[in-house]
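Heads up: the structure comes next, in structure tokens.
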Amino acid sequence: MNRERSGLLLSGVSAGLDIGFGPLMMAVILTLSPGGYGDLPTELLLASVYSIGFMLVILGRSELFTEHTTLAVIPVLDNQASAGQLARLWGLVYVGNIVGGVLFTLLVVLLIPGLSVISTGAFETIAIKLVAHDLEWLFVGGVFAGWLMGLLAWLITAARETTSRLLIIFIVTATIGVLHLPHSIAGNVEVLFGLIISPEVSISNYVAFLALATVGNAVGGAVFVASLKYGHVVRGGS
């Protein structure tokens with residue numbers, strides 16, 4: 001929270017760029033795999049590679065909005081920081097994450113013609129899988145994704161070794177991937193690919209997804225993890 005604005009923003013951009021490798025690898029798997037969504041081996045592969053972006057971001061210590069929906073809320077609950085400081089942190093990191101995701105998407109779109117391992121149809125399939133749901137589902141699914149990301153941030157603080165951290169990141173983010181839950185930052189890249197490539201994905205689809213997934217992620221991390229964990233810790237007795 002005390003970090004300079006430029007440092008937070010640049011770290012957020014870095015995270016937005018790095019997390020894009022997860023959706024990119026998902027498109028590769030969908031292109032090369034004989035199966036698709038609903039096929040168990042393909043689903044497991046997609047969930048596995050989805051976690052790659054999170055590994056790069058978290059182990060690389062870049063700032064990810066959905067991690068701060070838990071860890072940055074706890075100092076506010078403990079009166080060690082203000083709501084204004086939290087809003088500043090969230091705003092800078094979130095904007096950086098979105099900008100990084102946009103830049104990554106544009107770079108990949110320029111590279112697609114030279115990448116024989118990726119078809120544009122794979123990007124369209126991934127994006128439609130997220131935006132085809134009802135608006136209520138996007139919010140509720142976002143709450144569950146934020147809940148899981150909050151647990152990830154909480155558990156990572158207890159892990160001491162790189163191997164254990166990798167395992168925690170893989171288990172939690174692969175769960176999000178298997179359930180196809182809307183993660184606002186990774187999903188930003190997924191839906192942007194569809195918006196640029198496919199006429200089936202509109203700007204209204206993108207805006208609705210981003211808004212509801214973001215609010216859902218914030219609620220899930222702040223309420224179901226930060227508030228509850230803080231509550232039971234401070235009431236745990238001496």
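Residue numbering restarts at 1 in every chain; chains get A, B, ... in the order shown in the structure tokens, and ligands count up from 1 in that same order.
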Nearby residues (only C-alpha atoms) at most 12 Å from A:Thr70, same-chain spacing under 5 positions excluded, as a ChimeraX atom specification | /A:64-65,75-77,86,90,146-157,217-230
Please save C-alpha atoms of the selected residues as a PDB file, in the first residue's frame.
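Below you can see again_29.pdb, which holds the result:
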ATOM      1  CA  LEU A  64      -2.478  -9.295  -9.306  1.00  0.00           C
ATOM      2  CA  PHE A  65      -5.817  -7.676  -8.461  1.00  0.00           C
ATOM      3  CA  PRO A  75      -4.929  -4.322   7.121  1.00  0.00           C
ATOM      4  CA  VAL A  76      -8.083  -2.251   6.576  1.00  0.00           C
ATOM      5  CA  LEU A  77     -10.109  -4.568   8.810  1.00  0.00           C
ATOM      6  CA  LEU A  86      -7.155   0.083  -0.412  1.00  0.00           C
ATOM      7  CA  TRP A  90      -6.953  -1.832  -6.159  1.00  0.00           C
ATOM      8  CA  GLY A 146     -12.508 -14.660  -6.114  1.00  0.00           C
ATOM      9  CA  TRP A 147     -13.080 -16.971  -3.148  1.00  0.00           C
ATOM     10  CA  LEU A 148     -10.598 -19.483  -4.545  1.00  0.00           C
ATOM     11  CA  MET A 149      -8.069 -16.771  -5.407  1.00  0.00           C
ATOM     12  CA  GLY A 150      -8.399 -15.400  -1.891  1.00  0.00           C
ATOM     13  CA  LEU A 151      -7.678 -18.839  -0.489  1.00  0.00           C
ATOM     14  CA  LEU A 152      -4.701 -19.077  -2.823  1.00  0.00           C
ATOM     15  CA  ALA A 153      -3.293 -15.781  -1.532  1.00  0.00           C
ATOM     16  CA  TRP A 154      -3.893 -16.931   2.064  1.00  0.00           C
ATOM     17  CA  LEU A 155      -2.290 -20.342   1.559  1.00  0.00           C
ATOM     18  CA  ILE A 156       0.731 -18.973  -0.321  1.00  0.00           C
ATOM     19  CA  THR A 157       1.737 -16.968   2.751  1.00  0.00           C
ATOM     20  CA  ASN A 217     -14.005 -11.575  -7.605  1.00  0.00           C
ATOM     21  CA  ALA A 218     -13.800  -8.669  -5.149  1.00  0.00           C
ATOM     22  CA  VAL A 219     -16.773  -9.937  -3.135  1.00  0.00           C
ATOM     23  CA  GLY A 220     -15.467 -13.503  -3.074  1.00  0.00           C
ATOM     24  CA  GLY A 221     -11.986 -12.563  -1.882  1.00  0.00           C
ATOM     25  CA  ALA A 222     -12.985  -9.810   0.545  1.00  0.00           C
ATOM     26  CA  VAL A 223     -16.034 -11.428   2.149  1.00  0.00           C
ATOM     27  CA  PHE A 224     -15.470 -15.178   2.038  1.00  0.00           C
ATOM     28  CA  VAL A 225     -11.745 -15.120   2.789  1.00  0.00           C
ATOM     29  CA  ALA A 226     -10.446 -11.825   4.187  1.00  0.00           C
ATOM     30  CA  SER A 227     -13.371 -11.094   6.517  1.00  0.00           C
ATOM     31  CA  LEU A 228     -13.854 -14.656   7.705  1.00  0.00           C
ATOM     32  CA  LYS A 229     -10.160 -15.442   8.153  1.00  0.00           C
ATOM     33  CA  TYR A 230      -9.544 -12.168   9.958  1.00  0.00           C
TER      34      TYR A 230
END
Looking only at alpha helix (DSSP H) from DSSP on the backbone, list the matching residues of stretch 10-235 of chain A as a ChimeraX atom specification.
-> /A:10-18,21-32,40-59,65-71,73-77,83-111,120-131,135-156,162-179,184-197,203-221,228-234
For atom CA of A:Tyr37 and atom CA of A:Val109, quote the distance in Å rounded to one decimal.
->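 Between these atoms lies a distance of 22.8 Å.
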Would you tabulate, counting only C-alpha atoms, all residues of stretch 97-116 of chain A that have an atom at most 12 Å from an atom of stretch 177-184 of chain A, showing the closest pair of atoms and their distance in Å to one decimal, sorted by chain then ascending number, as a tab-separated table?
residue	atom	partner	partner_atom	distance
A:Asn97	CA	A:Ser184	CA	9.5
A:Ile98	CA	A:Ser184	CA	8.9
A:Gly101	CA	A:Ser184	CA	10.5
Pick from A:Pro199, A:Gly142, A:Gly38, A:Gly7: nearest to A:Ile185, with only C-alpha atoms counted?
->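 Among the listed residues, A:Gly142 lies closest to A:Ile185.
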Of the residues A:Leu8, A:Ala83, A:Leu210, A:Leu32, which is the one nearest to A:Val117, using only C-alpha atoms?
->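 The closest residue to A:Val117 is A:Leu32.
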For A:Ala127: contacts at 12 Å, only C-alpha atoms, fewer than 6 positions along chain excluded, given as a ChimeraX atom specification | /A:23-24,26-27,120-121,133,180,182,186-202,205-206,209
Just the residues within 9 Å of A:Val140, please, counting only C-alpha atoms, with nothing from its chain fewer than 6 positions along; format it as an MDAnalysis selection string.
-> chainID A and resid 212:213 216 220
One-decimal distance in Å that lies between atom CA of A:Thr214 and atom CA of A:Leu9 |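 Taking atom CA of A:Leu9 as the start and atom CA of A:Thr214 as the end point, the length is 17.7 Å.
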Which of A:Ala145, A:Leu10, A:Ile169, A:Leu17 sits closest to A:Thr105 [using only C-alpha atoms] =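 Among A:Ala145, A:Leu10, A:Ile169, A:Leu17, it is A:Leu17 that comes nearest to A:Thr105.
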Counting only C-alpha atoms, which of A:Leu30, A:Arg160, A:Glu63, A:Asp39 gets nearest to A:Val95?
-> A:Glu63
One-decimal distance in Å that lies between atom CA of A:Asn79 and atom CA of A:Val13 =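 Between atom CA of A:Val13 and atom CA of A:Asn79 the gap is 29.0 Å.
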For stretch 50-57 of chain A, please output as a VMD selection string all residues within 6 Å (counting only C-alpha atoms; exclusion window: fewer than 5 positions along the same chain).
-> chain A and resid 15 18 to 19 21 to 22 62 170 173 to 174
For A:Gly60, which residue among A:Phe139, A:Met25, A:Ser14, A:Leu110 is the nearest when counting only C-alpha atoms?
-> A:Ser14
